Structures are given as C-alpha cells and as structure tokens.
>>> print(open('target-v8.pdb').read())   # PDB, C-alpha atoms
ATOM      1  CA  MET A   1      45.165   6.067 -61.120
ATOM      2  CA  ARG A   2      46.806   6.860 -57.795
ATOM      3  CA  LEU A   3      45.294   5.164 -54.746
ATOM      4  CA  VAL A   4      46.138   6.119 -51.167
ATOM      5  CA  THR A   5      45.365   5.251 -47.584
ATOM      6  CA  TYR A   6      45.129   8.328 -45.393
ATOM      7  CA  GLN A   7      44.240   9.419 -41.894
ATOM      8  CA  LEU A   8      42.520  12.686 -41.124
ATOM      9  CA  LEU A   9      44.336  14.766 -38.531
ATOM     10  CA  ASN A  10      43.048  14.155 -34.995
ATOM     11  CA  ALA A  11      41.211  11.006 -36.176
ATOM     12  CA  GLN A  12      41.929   7.307 -35.713
ATOM     13  CA  GLU A  13      40.158   5.832 -38.715
ATOM     14  CA  LEU A  14      42.079   5.052 -41.887
ATOM     15  CA  CYS A  15      40.418   5.959 -45.176
ATOM     16  CA  THR A  16      40.996   4.969 -48.799
ATOM     17  CA  GLY A  17      41.186   7.596 -51.513
ATOM     18  CA  ILE A  18      41.889   8.398 -55.129
ATOM     19  CA  GLN A  19      44.532  11.089 -55.361
ATOM     20  CA  ILE A  20      43.344  13.571 -58.006
ATOM     21  CA  SER A  21      45.998  16.254 -57.471
ATOM     22  CA  LYS A  22      49.011  16.984 -55.333
ATOM     23  CA  ASP A  23      46.757  18.346 -52.613
ATOM     24  CA  GLN A  24      43.438  16.490 -52.976
ATOM     25  CA  VAL A  25      41.973  13.012 -52.672
ATOM     26  CA  LEU A  26      38.493  11.640 -53.185
ATOM     27  CA  ASP A  27      37.087   9.602 -50.287
ATOM     28  CA  ILE A  28      36.288   6.264 -51.926
ATOM     29  CA  VAL A  29      33.837   5.126 -49.231
ATOM     30  CA  ALA A  30      31.893   8.398 -49.395
ATOM     31  CA  GLU A  31      31.851   8.236 -53.192
ATOM     32  CA  ALA A  32      30.652   4.628 -53.185
ATOM     33  CA  ARG A  33      27.931   5.531 -50.691
ATOM     34  CA  ALA A  34      26.818   8.448 -52.881
ATOM     35  CA  ARG A  35      26.323   5.936 -55.712
ATOM     36  CA  SER A  36      24.718   3.262 -53.502
ATOM     37  CA  ALA A  37      27.475   0.973 -54.762
ATOM     38  CA  PRO A  38      27.490  -2.460 -53.111
ATOM     39  CA  GLN A  39      31.264  -2.957 -53.306
ATOM     40  CA  LYS A  40      33.289  -3.220 -50.112
ATOM     41  CA  VAL A  41      35.925  -0.480 -50.391
ATOM     42  CA  GLY A  42      36.840   0.347 -46.800
ATOM     43  CA  THR A  43      40.459  -0.797 -47.066
ATOM     44  CA  MET A  44      43.003  -1.081 -49.853
ATOM     45  CA  LEU A  45      42.841  -4.855 -49.517
ATOM     46  CA  ASP A  46      39.073  -4.658 -50.126
ATOM     47  CA  ILE A  47      39.665  -2.615 -53.267
ATOM     48  CA  ILE A  48      42.311  -4.970 -54.636
ATOM     49  CA  ALA A  49      40.183  -8.041 -53.914
ATOM     50  CA  GLY A  50      37.227  -6.400 -55.686
ATOM     51  CA  GLY A  51      38.879  -6.928 -59.050
ATOM     52  CA  ASP A  52      37.522  -5.498 -62.286
ATOM     53  CA  VAL A  53      34.118  -4.588 -60.845
ATOM     54  CA  THR A  54      35.656  -2.373 -58.185
ATOM     55  CA  MET A  55      38.111  -0.843 -60.665
ATOM     56  CA  THR A  56      35.155   0.134 -62.871
ATOM     57  CA  LEU A  57      33.636   1.876 -59.855
ATOM     58  CA  LEU A  58      36.903   3.708 -59.136
ATOM     59  CA  ARG A  59      37.176   4.919 -62.728
ATOM     60  CA  ASP A  60      33.642   6.301 -62.493
ATOM     61  CA  ILE A  61      34.493   8.042 -59.209
ATOM     62  CA  GLU A  62      37.610   9.595 -60.714
ATOM     63  CA  ALA A  63      35.750  10.765 -63.833
ATOM     64  CA  THR A  64      32.600  12.115 -62.142
ATOM     65  CA  PRO A  65      33.093  12.720 -58.402
ATOM     66  CA  LYS A  66      29.961  13.334 -56.353
ATOM     67  CA  THR A  67      31.584  14.527 -53.115
ATOM     68  CA  ALA A  68      33.977  17.324 -52.229
ATOM     69  CA  PRO A  69      37.638  16.288 -52.223
ATOM     70  CA  VAL A  70      39.594  15.884 -49.010
ATOM     71  CA  MET A  71      42.500  18.318 -48.657
ATOM     72  CA  LEU A  72      45.747  16.559 -47.885
ATOM     73  CA  ASN A  73      46.870  19.381 -45.611
ATOM     74  CA  LYS A  74      44.203  18.008 -43.263
ATOM     75  CA  ALA A  75      45.372  14.417 -43.524
ATOM     76  CA  LEU A  76      48.446  12.206 -43.363
ATOM     77  CA  LEU A  77      49.229   9.600 -46.001
ATOM     78  CA  LYS A  78      49.895   6.165 -44.550
ATOM     79  CA  ALA A  79      51.264   2.996 -46.139
ATOM     80  CA  PRO A  80      48.809   2.114 -48.931
ATOM     81  CA  ILE A  81      48.423  -1.339 -47.348
ATOM     82  CA  PRO A  82      49.026  -0.526 -43.675
ATOM     83  CA  ARG A  83      48.854  -4.136 -42.501
ATOM     84  CA  PRO A  84      49.433  -6.737 -45.234
ATOM     85  CA  ALA A  85      47.684 -10.073 -44.811
ATOM     86  CA  LYS A  86      51.055 -11.813 -44.768
ATOM     87  CA  ASN A  87      54.769 -11.099 -45.030
ATOM     88  CA  VAL A  88      56.116  -8.828 -47.746
ATOM     89  CA  PHE A  89      57.962 -10.939 -50.326
ATOM     90  CA  CYS A  90      61.426  -9.533 -51.047
ATOM     91  CA  VAL A  91      64.116 -10.228 -53.635
ATOM     92  CA  GLY A  92      67.850 -10.162 -52.950
ATOM     93  CA  TRP A  93      70.715  -9.466 -55.348
ATOM     94  CA  ASN A  94      68.471  -8.364 -58.226
ATOM     95  CA  TYR A  95      70.631  -5.625 -59.747
ATOM     96  CA  LEU A  96      73.931  -6.809 -61.190
ATOM     97  CA  GLU A  97      76.000  -3.960 -59.716
ATOM     98  CA  HIS A  98      74.528  -4.585 -56.247
ATOM     99  CA  PHE A  99      75.316  -8.291 -56.583
ATOM    100  CA  GLU A 100      78.917  -7.407 -57.430
ATOM    101  CA  GLU A 101      79.383  -4.782 -54.697
ATOM    102  CA  GLY A 102      78.080  -7.197 -52.072
ATOM    103  CA  GLY A 103      80.360  -9.974 -53.264
ATOM    104  CA  ALA A 104      83.387  -7.695 -53.231
ATOM    105  CA  LYS A 105      82.632  -6.417 -49.744
ATOM    106  CA  LEU A 106      82.052  -9.873 -48.304
ATOM    107  CA  GLU A 107      85.012 -11.275 -50.265
ATOM    108  CA  ASP A 108      83.086 -14.211 -51.671
ATOM    109  CA  LYS A 109      83.431 -15.340 -55.265
ATOM    110  CA  ARG A 110      79.896 -15.842 -56.381
ATOM    111  CA  GLU A 111      78.433 -16.881 -59.715
ATOM    112  CA  LEU A 112      75.498 -15.056 -61.224
ATOM    113  CA  PRO A 113      72.318 -16.575 -59.812
ATOM    114  CA  LYS A 114      70.121 -18.842 -61.894
ATOM    115  CA  TRP A 115      67.178 -18.365 -59.556
ATOM    116  CA  PRO A 116      65.971 -15.323 -57.600
ATOM    117  CA  VAL A 117      66.802 -15.074 -53.907
ATOM    118  CA  PHE A 118      63.589 -14.662 -51.909
ATOM    119  CA  PHE A 119      63.138 -13.621 -48.283
ATOM    120  CA  SER A 120      60.452 -11.677 -46.442
ATOM    121  CA  LYS A 121      59.670  -8.837 -44.071
ATOM    122  CA  ALA A 122      57.068  -9.183 -41.318
ATOM    123  CA  PRO A 123      53.763  -7.283 -41.685
ATOM    124  CA  THR A 124      54.673  -5.353 -38.521
ATOM    125  CA  ALA A 125      57.681  -3.891 -40.372
ATOM    126  CA  VAL A 126      55.393  -1.902 -42.691
ATOM    127  CA  ASN A 127      55.587   1.842 -42.085
ATOM    128  CA  GLY A 128      54.099   4.956 -43.644
ATOM    129  CA  PRO A 129      55.810   7.117 -46.288
ATOM    130  CA  TYR A 130      56.457   9.963 -43.829
ATOM    131  CA  ASP A 131      56.609   8.082 -40.531
ATOM    132  CA  VAL A 132      59.633   7.794 -38.258
ATOM    133  CA  ILE A 133      61.844   4.730 -38.678
ATOM    134  CA  PRO A 134      62.745   3.617 -35.139
ATOM    135  CA  PHE A 135      66.413   3.530 -34.156
ATOM    136  CA  ASP A 136      67.652   1.780 -31.025
ATOM    137  CA  ALA A 137      71.446   1.724 -30.598
ATOM    138  CA  SER A 138      71.144  -0.972 -27.926
ATOM    139  CA  ILE A 139      69.893  -3.350 -30.642
ATOM    140  CA  SER A 140      72.088  -2.268 -33.565
ATOM    141  CA  THR A 141      73.766   0.766 -35.117
ATOM    142  CA  GLN A 142      74.100  -0.681 -38.629
ATOM    143  CA  LEU A 143      70.919   0.708 -40.217
ATOM    144  CA  ASP A 144      71.132   0.549 -44.028
ATOM    145  CA  TRP A 145      69.001   1.781 -46.934
ATOM    146  CA  GLU A 146      67.612  -0.053 -50.001
ATOM    147  CA  VAL A 147      65.330   1.725 -52.491
ATOM    148  CA  GLU A 148      63.043  -0.716 -54.328
ATOM    149  CA  LEU A 149      60.058  -0.883 -56.652
ATOM    150  CA  GLY A 150      57.128  -2.534 -54.897
ATOM    151  CA  VAL A 151      54.709  -4.698 -56.867
ATOM    152  CA  ILE A 152      51.133  -5.282 -55.674
ATOM    153  CA  ILE A 153      49.428  -8.503 -56.757
ATOM    154  CA  GLY A 154      45.861  -8.066 -57.951
ATOM    155  CA  LYS A 155      44.631 -11.371 -59.369
ATOM    156  CA  GLY A 156      45.744 -14.328 -57.317
ATOM    157  CA  GLY A 157      47.173 -17.501 -58.734
ATOM    158  CA  LYS A 158      49.526 -20.450 -58.456
ATOM    159  CA  ASN A 159      52.094 -21.706 -60.974
ATOM    160  CA  ILE A 160      51.672 -18.494 -62.965
ATOM    161  CA  SER A 161      53.430 -18.479 -66.334
ATOM    162  CA  GLU A 162      55.847 -15.699 -67.212
ATOM    163  CA  ALA A 163      53.667 -14.875 -70.221
ATOM    164  CA  ASP A 164      50.640 -14.297 -67.984
ATOM    165  CA  ALA A 165      52.436 -12.842 -64.966
ATOM    166  CA  MET A 166      51.841  -9.141 -65.579
ATOM    167  CA  SER A 167      48.079  -9.672 -65.794
ATOM    168  CA  HIS A 168      48.268 -10.523 -62.091
ATOM    169  CA  VAL A 169      49.732  -7.127 -61.136
ATOM    170  CA  PHE A 170      47.401  -4.559 -59.582
ATOM    171  CA  GLY A 171      49.906  -1.734 -59.304
ATOM    172  CA  TYR A 172      53.198  -0.373 -58.029
ATOM    173  CA  THR A 173      54.489   1.470 -54.980
ATOM    174  CA  VAL A 174      57.769   2.663 -53.435
ATOM    175  CA  ILE A 175      59.450   0.532 -50.771
ATOM    176  CA  ASN A 176      62.670   0.912 -48.822
ATOM    177  CA  ASP A 177      63.946  -2.445 -47.610
ATOM    178  CA  VAL A 178      65.572  -0.886 -44.549
ATOM    179  CA  THR A 179      68.019  -3.415 -43.085
ATOM    180  CA  TRP A 180      69.948  -3.868 -39.851
ATOM    181  CA  ARG A 181      73.119  -5.371 -41.301
ATOM    182  CA  ASP A 182      74.723  -6.992 -38.277
ATOM    183  CA  ILE A 183      71.401  -8.541 -37.237
ATOM    184  CA  GLN A 184      70.945  -9.757 -40.812
ATOM    185  CA  ARG A 185      74.125 -11.805 -40.513
ATOM    186  CA  ARG A 186      74.242 -12.807 -36.873
ATOM    187  CA  HIS A 187      71.421 -15.371 -37.064
ATOM    188  CA  GLY A 188      73.095 -18.053 -39.143
ATOM    189  CA  GLY A 189      73.103 -16.100 -42.382
ATOM    190  CA  GLN A 190      69.325 -15.949 -42.808
ATOM    191  CA  TRP A 191      67.900 -12.491 -43.428
ATOM    192  CA  ASP A 192      64.463 -12.514 -41.813
ATOM    193  CA  LYS A 193      65.291 -10.966 -38.430
ATOM    194  CA  GLY A 194      67.511  -8.158 -39.743
ATOM    195  CA  LYS A 195      64.834  -7.213 -42.264
ATOM    196  CA  SER A 196      61.772  -7.360 -40.017
ATOM    197  CA  LEU A 197      62.237  -5.004 -37.090
ATOM    198  CA  ASP A 198      59.279  -2.699 -36.522
ATOM    199  CA  GLY A 199      59.027   0.201 -38.941
ATOM    200  CA  THR A 200      61.684  -1.030 -41.372
ATOM    201  CA  CYS A 201      59.449  -1.316 -44.442
ATOM    202  CA  PRO A 202      58.315   2.215 -45.341
ATOM    203  CA  MET A 203      55.880   2.020 -48.237
ATOM    204  CA  GLY A 204      53.998   4.578 -50.321
ATOM    205  CA  PRO A 205      53.125   7.304 -50.806
ATOM    206  CA  CYS A 206      50.531   5.673 -53.082
ATOM    207  CA  ILE A 207      49.795   2.734 -55.339
ATOM    208  CA  VAL A 208      49.850   3.594 -59.030
ATOM    209  CA  THR A 209      47.639   1.137 -60.897
ATOM    210  CA  ALA A 210      49.350  -1.051 -63.480
ATOM    211  CA  ASP A 211      47.481   0.517 -66.398
ATOM    212  CA  SER A 212      48.988   3.918 -65.552
ATOM    213  CA  LEU A 213      52.706   3.135 -65.382
ATOM    214  CA  ASP A 214      55.423   1.482 -67.467
ATOM    215  CA  HIS A 215      57.388  -0.378 -64.815
ATOM    216  CA  THR A 216      60.264  -1.291 -67.143
ATOM    217  CA  ASN A 217      61.999   2.105 -67.219
ATOM    218  CA  LEU A 218      61.680   3.937 -63.912
ATOM    219  CA  ASN A 219      64.448   5.835 -62.146
ATOM    220  CA  LEU A 220      65.038   4.839 -58.514
ATOM    221  CA  THR A 221      66.810   7.183 -56.104
ATOM    222  CA  CYS A 222      67.711   7.028 -52.427
ATOM    223  CA  ARG A 223      69.024  10.011 -50.448
ATOM    224  CA  VAL A 224      70.202  10.196 -46.847
ATOM    225  CA  SER A 225      70.130  13.673 -45.315
ATOM    226  CA  GLY A 226      70.224  15.210 -48.796
ATOM    227  CA  VAL A 227      73.090  13.084 -50.159
ATOM    228  CA  THR A 228      72.286  10.729 -53.038
ATOM    229  CA  LYS A 229      73.292   7.163 -52.169
ATOM    230  CA  GLN A 230      71.529   5.131 -54.871
ATOM    231  CA  ASN A 231      70.552   6.136 -58.393
ATOM    232  CA  SER A 232      69.517   3.496 -60.921
ATOM    233  CA  ASN A 233      66.643   2.360 -63.142
ATOM    234  CA  THR A 234      64.283  -0.616 -63.186
ATOM    235  CA  LYS A 235      65.540  -1.502 -66.672
ATOM    236  CA  HIS A 236      68.604  -2.903 -64.870
ATOM    237  CA  LEU A 237      66.610  -5.501 -62.912
ATOM    238  CA  TYR A 238      68.433  -8.822 -63.318
ATOM    239  CA  PHE A 239      65.317 -10.964 -62.908
ATOM    240  CA  LYS A 240      62.413  -9.074 -64.503
ATOM    241  CA  LEU A 241      59.000  -8.940 -62.879
ATOM    242  CA  PRO A 242      57.425 -11.753 -64.951
ATOM    243  CA  ARG A 243      60.196 -14.118 -63.870
ATOM    244  CA  LEU A 244      59.870 -13.073 -60.214
ATOM    245  CA  ILE A 245      56.107 -13.620 -60.196
ATOM    246  CA  HIS A 246      56.461 -16.954 -62.000
ATOM    247  CA  ASP A 247      59.115 -18.330 -59.671
ATOM    248  CA  LEU A 248      57.441 -17.069 -56.516
ATOM    249  CA  SER A 249      54.123 -18.645 -57.517
ATOM    250  CA  LEU A 250      55.532 -22.113 -58.223
ATOM    251  CA  GLY A 251      53.717 -24.331 -55.751
ATOM    252  CA  GLN A 252      52.780 -21.250 -53.695
ATOM    253  CA  THR A 253      49.540 -19.330 -54.102
ATOM    254  CA  LEU A 254      49.830 -15.581 -54.549
ATOM    255  CA  GLU A 255      46.779 -13.680 -53.316
ATOM    256  CA  PRO A 256      45.253 -10.255 -53.973
ATOM    257  CA  GLY A 257      47.154  -7.669 -51.952
ATOM    258  CA  ASP A 258      50.395  -9.616 -51.735
ATOM    259  CA  ILE A 259      53.428  -7.342 -51.992
ATOM    260  CA  ILE A 260      56.701  -8.068 -53.782
ATOM    261  CA  SER A 261      59.705  -5.807 -53.201
ATOM    262  CA  SER A 262      61.743  -6.354 -56.350
ATOM    263  CA  GLY A 263      65.318  -5.727 -55.170
ATOM    264  CA  THR A 264      67.707  -2.819 -54.683
ATOM    265  CA  PRO A 265      70.464  -1.375 -56.912
ATOM    266  CA  GLU A 266      74.066  -0.620 -55.977
ATOM    267  CA  GLY A 267      75.000   2.055 -53.448
ATOM    268  CA  VAL A 268      73.972   0.481 -50.147
ATOM    269  CA  GLY A 269      75.793   1.568 -47.034
ATOM    270  CA  PHE A 270      77.471  -1.640 -45.873
ATOM    271  CA  ALA A 271      79.318  -2.030 -49.215
ATOM    272  CA  ARG A 272      80.909   1.421 -49.039
ATOM    273  CA  THR A 273      84.492   2.092 -47.917
ATOM    274  CA  PRO A 274      84.267   2.787 -45.081
ATOM    275  CA  PRO A 275      80.753   1.430 -44.425
ATOM    276  CA  GLU A 276      78.037   4.010 -43.898
ATOM    277  CA  PHE A 277      74.889   3.629 -41.824
ATOM    278  CA  MET A 278      71.980   5.834 -40.768
ATOM    279  CA  THR A 279      71.454   7.167 -37.285
ATOM    280  CA  THR A 280      69.042   9.299 -35.290
ATOM    281  CA  GLY A 281      68.466  12.659 -36.991
ATOM    282  CA  ASP A 282      69.001  11.438 -40.551
ATOM    283  CA  LEU A 283      66.278  11.813 -43.190
ATOM    284  CA  LEU A 284      65.765   8.885 -45.550
ATOM    285  CA  GLU A 285      64.261   9.905 -48.908
ATOM    286  CA  THR A 286      63.170   7.121 -51.246
ATOM    287  CA  GLU A 287      61.921   7.923 -54.745
ATOM    288  CA  VAL A 288      60.650   5.952 -57.722
ATOM    289  CA  GLU A 289      59.836   7.884 -60.870
ATOM    290  CA  GLY A 290      56.129   8.136 -61.602
ATOM    291  CA  ILE A 291      55.091   7.035 -58.112
ATOM    292  CA  GLY A 292      56.491   9.524 -55.626
ATOM    293  CA  VAL A 293      58.889  10.279 -52.789
ATOM    294  CA  MET A 294      58.882   8.990 -49.236
ATOM    295  CA  ARG A 295      60.557  11.048 -46.502
ATOM    296  CA  ASN A 296      61.213   9.080 -43.321
ATOM    297  CA  PRO A 297      63.106  10.585 -40.373
ATOM    298  CA  ILE A 298      65.317   8.222 -38.400
ATOM    299  CA  GLY A 299      64.237   8.516 -34.768
ATOM    300  CA  THR A 300      64.158   6.736 -31.441
ATOM    301  CA  TYR A 301      61.728   4.256 -29.974
TER     302      TYR A 301
END
>>> encode(input="target-v8.pdb", output="structure tokens")
Amino acid sequence: MRLVTYQLLNAQELCTGIQISKDQVLDIVAEARARSAPQKVGTMLDIIAGGDVTMTLLRDIEATPKTAPVMLNKALLKAPIPRPAKNVFCVGWNYLEHFEEGGAKLEDKRELPKWPVFFSKAPTAVNGPYDVIPFDASISTQLDWEVELGVIIGKGGKNISEADAMSHVFGYTVINDVTWRDIQRRHGGQWDKGKSLDGTCPMGPCIVTADSLDHTNLNLTCRVSGVTKQNSNTKHLYFKLPRLIHDLSLGQTLEPGDIISSGTPEGVGFARTPPEFMTTGDLLETEVEGIGVMRNPIGTY
C-alpha cells in the first residue's frame, strides 16, 4: 500500500490518501466518513498511531472504495509526515564505500565502526518531494546530496531486540539527507547544524507499507541536473535495519511515526576530486526502487 499526504491546488488543508495509481489517490478521511469509521485518520501520524485497526480500515478502503478518487493533477504531494513529532534520526557512515571515501578525503585512518553513528535533523528541515530546497550563498555554498532509505516506525518500543525489530516498522520512504558541509564541520565536529537548515530533508513521495516492500534489495540513485552521482543498493548497508532499530532503542523509546534515515552510499559531493556541490538552478533527483522519485529544485530563500 502506498500512503501519501497531499494538498489540493489553491487549498491550505493537507489531506491523507491511498495512492491507487500514478494519477489517483483515495481521500482517507472521506472514505472513513463514508463508512462511519471511528478511527482518527486526518494526518499520517494519526494513521500510524492507529495500528492494526486502522490498517484494516485502509485495506478495506483500497479494496472497495466508496468515493471518487482525487486526481493528482489537481493536487501536490507533500512530505508523507510533513511535521514529525521530533527530530529525524539519521545514520552516518552506513555504506562501506562511503565510509572509505570520507576517510580518504578527510585523511583520517579510521577503523570500521562497531556501533552505528547517530545524529538527527530538525523537524523544520522536512520538505516535500517536489518542493524547492532553499539556497543562501551568504550562509554556505557547500550544499551536498545524500540519497537514503527512510524507515517509519509503527509500533513503539524501548530496548527492542534485533529479532523483533522489523515488527516495529510501519513502512519506507525516500529521504535525501541534504547537508551543508562547511557548516557540518565548523561547529566543533558535531553534525546537527549542518544537517538541519530549513528544507534540507526532502521526503516522499509516499510511504510504502512494510508488507508491500522487501527493503533488503532496493536500488538507490541520486542525480543532480541529470547526472548520476550515487548508485547503490540497500543490500550494501553496513548496519542492517534490525541492528539500527535495536541500538537506537536501547534506553530510548521509539514512538509511532518516528523516522530513521538509514545512511547514504558512496558518491557524495565533498569526497569528489575536485569537490562538487549544488547551487541555485540545479535539480536534485532522489530515487529508491519500489518507492518513487523526488525532484527538488535548488532555489533561493
């Protein structure tokens, strides 16, 4: 099942939908109302928190719709979770080739990690799959790309075992961990600021539910203005999703709707010779097989 958040043209309200074709979605609120269903389904966070009962409702809607579909040429897809309840959890150095290219560029001799590197992006960084990524040369000109598989937590938990971890996954989305490289390094080596500027977490174009996708073998591709910069596969993840969920949940409660961005493969701009960065007028395309393609222009504030 493919779930989306969308906005009708010339309207302010955000709606949740089930995407039933390339061009059509079913309005989940209208469908629930037509069934007199008591579930709260106004936002994607409502749907995720609704658990199995709400998923049963969604399957019934998809199988036997009672309302006319919404045409996507009259709407704009937004980030599936437009405003997460808390920061997006991110993973650094989680593809071996990316680990090696970063070490070579920074000229540090590093050992393979025994534990995942976690950091986060602010909720205000979240952006839509077709929205402009702001560029302000007075702040930085080192705007880099990072295609990643996003993981949406469904069932919350703490101290989750690796064996049980995947039962806590609601679904998957596409994320680009857009990064301002000089800002990333100027604040004492921590990554939060350079990862959290407004609009630097495009997400979408949908959430594919976990029962509909094999996350272990998905091609990931990133293109900048038509040129392929990254091309890899989730089978090359160094720390697999069960390990990430386990480690992240140790002593820390994961909640429905939490987002984990699982790391980027090799091919980022700062590690190239010479370094390459995006600028105003570029088009960032981010694709994960089975989920979709985001197309974000680089623009100005």
>>> resolve_selection(input="target-v8.pdb", expression="the PyMOL selection byres ((chain A and resi 40) around 12)", output="ChimeraX atom specification")
/A:16,28-33,36-39,41-51,53-55,57-58
>>> write_last_selection(input="target-v8.pdb", atoms="C-alpha atoms", output="JSON list (two decimals), keeping the file's coordinate frame")
[["chain", "number", "residue", "atom", "x", "y", "z"],
["A", 16, "THR", "CA", 41.00, 4.97, -48.80],
["A", 28, "ILE", "CA", 36.29, 6.26, -51.93],
["A", 29, "VAL", "CA", 33.84, 5.13, -49.23],
["A", 30, "ALA", "CA", 31.89, 8.40, -49.40],
["A", 31, "GLU", "CA", 31.85, 8.24, -53.19],
["A", 32, "ALA", "CA", 30.65, 4.63, -53.18],
["A", 33, "ARG", "CA", 27.93, 5.53, -50.69],
["A", 36, "SER", "CA", 24.72, 3.26, -53.50],
["A", 37, "ALA", "CA", 27.48, 0.97, -54.76],
["A", 38, "PRO", "CA", 27.49, -2.46, -53.11],
["A", 39, "GLN", "CA", 31.26, -2.96, -53.31],
["A", 41, "VAL", "CA", 35.92, -0.48, -50.39],
["A", 42, "GLY", "CA", 36.84, 0.35, -46.80],
["A", 43, "THR", "CA", 40.46, -0.80, -47.07],
["A", 44, "MET", "CA", 43.00, -1.08, -49.85],
["A", 45, "LEU", "CA", 42.84, -4.86, -49.52],
["A", 46, "ASP", "CA", 39.07, -4.66, -50.13],
["A", 47, "ILE", "CA", 39.66, -2.62, -53.27],
["A", 48, "ILE", "CA", 42.31, -4.97, -54.64],
["A", 49, "ALA", "CA", 40.18, -8.04, -53.91],
["A", 50, "GLY", "CA", 37.23, -6.40, -55.69],
["A", 51, "GLY", "CA", 38.88, -6.93, -59.05],
["A", 53, "VAL", "CA", 34.12, -4.59, -60.84],
["A", 54, "THR", "CA", 35.66, -2.37, -58.18],
["A", 55, "MET", "CA", 38.11, -0.84, -60.66],
["A", 57, "LEU", "CA", 33.64, 1.88, -59.86],
["A", 58, "LEU", "CA", 36.90, 3.71, -59.14]]
>>> closest_residue(input="target-v8.pdb", among="A:Pro69, A:Gly226, A:Asp60, A:Gln12", to="Asp27 of chain A", atoms="only C-alpha atoms")
A:Pro69
>>> residues_around(input="target-v8.pdb", residues="segment 111-117 of chain A", least_positions_apart="3", cutoff="8 Å", atoms="only C-alpha atoms", output="list in words")
Val91, Gly92, Trp93, Asn94, Phe239, Leu244 and Asp247 of chain A
>>> atom_distance(input="target-v8.pdb", atom1="atom CA of Thr67 of chain A", atom2="atom CA of Asp52 of chain A")
22.8 Å
>>> resolve_selection(input="target-v8.pdb", expression="the PyMOL selection byres ((chain A and resi 146) around 10)", output="tab-separated table (two decimals) with C-alpha atoms, keeping the file's coordinate frame")
chain	number	residue	atom	x	y	z
A	144	ASP	CA	71.13	0.55	-44.03
A	145	TRP	CA	69.00	1.78	-46.93
A	147	VAL	CA	65.33	1.72	-52.49
A	148	GLU	CA	63.04	-0.72	-54.33
A	175	ILE	CA	59.45	0.53	-50.77
A	176	ASN	CA	62.67	0.91	-48.82
A	177	ASP	CA	63.95	-2.44	-47.61
A	178	VAL	CA	65.57	-0.89	-44.55
A	179	THR	CA	68.02	-3.42	-43.08
A	201	CYS	CA	59.45	-1.32	-44.44
A	221	THR	CA	66.81	7.18	-56.10
A	222	CYS	CA	67.71	7.03	-52.43
A	229	LYS	CA	73.29	7.16	-52.17
A	230	GLN	CA	71.53	5.13	-54.87
A	263	GLY	CA	65.32	-5.73	-55.17
A	264	THR	CA	67.71	-2.82	-54.68
A	265	PRO	CA	70.46	-1.38	-56.91
A	266	GLU	CA	74.07	-0.62	-55.98
A	267	GLY	CA	75.00	2.06	-53.45
A	268	VAL	CA	73.97	0.48	-50.15
A	269	GLY	CA	75.79	1.57	-47.03
A	286	THR	CA	63.17	7.12	-51.25
>>> closest_residue(input="target-v8.pdb", among="A:Glu276, A:Asp282, A:Leu143, A:Glu289", to="Asn231 of chain A", atoms="all atoms listed in the file")
A:Glu289
>>> atom_distance(input="target-v8.pdb", atom1="atom CA of Val208 of chain A", atom2="atom CA of Thr5 of chain A")
12.4 Å
>>> resolve_selection(input="target-v8.pdb", expression="the PyMOL selection byres ((chain A and resi 126) around 6)", output="PDB file with C-alpha atoms, in the frame of the given file")
ATOM      1  CA  PRO A 123      53.763  -7.283 -41.685  1.00  0.00           C
ATOM      2  CA  THR A 124      54.673  -5.353 -38.521  1.00  0.00           C
ATOM      3  CA  ALA A 125      57.681  -3.891 -40.372  1.00  0.00           C
ATOM      4  CA  ASN A 127      55.587   1.842 -42.085  1.00  0.00           C
ATOM      5  CA  GLY A 199      59.027   0.201 -38.941  1.00  0.00           C
ATOM      6  CA  CYS A 201      59.449  -1.316 -44.442  1.00  0.00           C
ATOM      7  CA  PRO A 202      58.315   2.215 -45.341  1.00  0.00           C
TER       8      PRO A 202
END
>>> atom_distance(input="target-v8.pdb", atom1="atom CA of Glu255 of chain A", atom2="atom CA of Ile160 of chain A")
11.8 Å
>>> residues_around(input="target-v8.pdb", residues="Asp182 of chain A", least_positions_apart="3", cutoff="12 Å", atoms="all atoms listed in the file", output="ChimeraX atom specification")
/A:139-144,179,185-191,193-195,270,277
>>> closest_residue(input="target-v8.pdb", among="A:Phe135, A:Tyr238, A:Phe170, A:Phe118", to="Arg2 of chain A", atoms="only C-alpha atoms")
A:Phe170
>>> closest_residue(input="target-v8.pdb", among="A:Thr273, A:Ser138, A:Asn10, A:Gln19", to="Ile61 of chain A", atoms="only C-alpha atoms")
A:Gln19
>>> closest_atom_pairs(input="target-v8.pdb", of="segment 144-196 of chain A", to="segment 76-89 of chain A", cutoff="12 Å", atoms="all atoms listed in the file", output="CSV")
residue,atom,partner,partner_atom,distance
A:Gly150,CA,A:Val88,CA,9.6
A:Val151,CA,A:Phe89,CA,9.6
A:Ile152,CA,A:Ile81,CA,9.6
A:Ile153,CA,A:Phe89,CA,11.0
A:Gly171,CA,A:Pro80,CA,11.1
A:Tyr172,CA,A:Pro80,CA,10.4
A:Thr173,CA,A:Pro80,CA,8.3
A:Val174,CA,A:Ala79,CA,9.8
A:Ile175,CA,A:Ala79,CA,9.7
A:Asn176,CA,A:Val88,CA,11.8
A:Asp177,CA,A:Val88,CA,10.1
A:Asp192,CA,A:Asn87,CA,10.3
A:Lys195,CA,A:Val88,CA,10.4
A:Ser196,CA,A:Asn87,CA,9.4
>>> residues_around(input="target-v8.pdb", residues="Val293 of chain A", least_positions_apart="6", cutoff="9 Å", atoms="all atoms listed in the file", output="VMD selection string")
chain A and resid 129 174 204 to 205 285 to 287
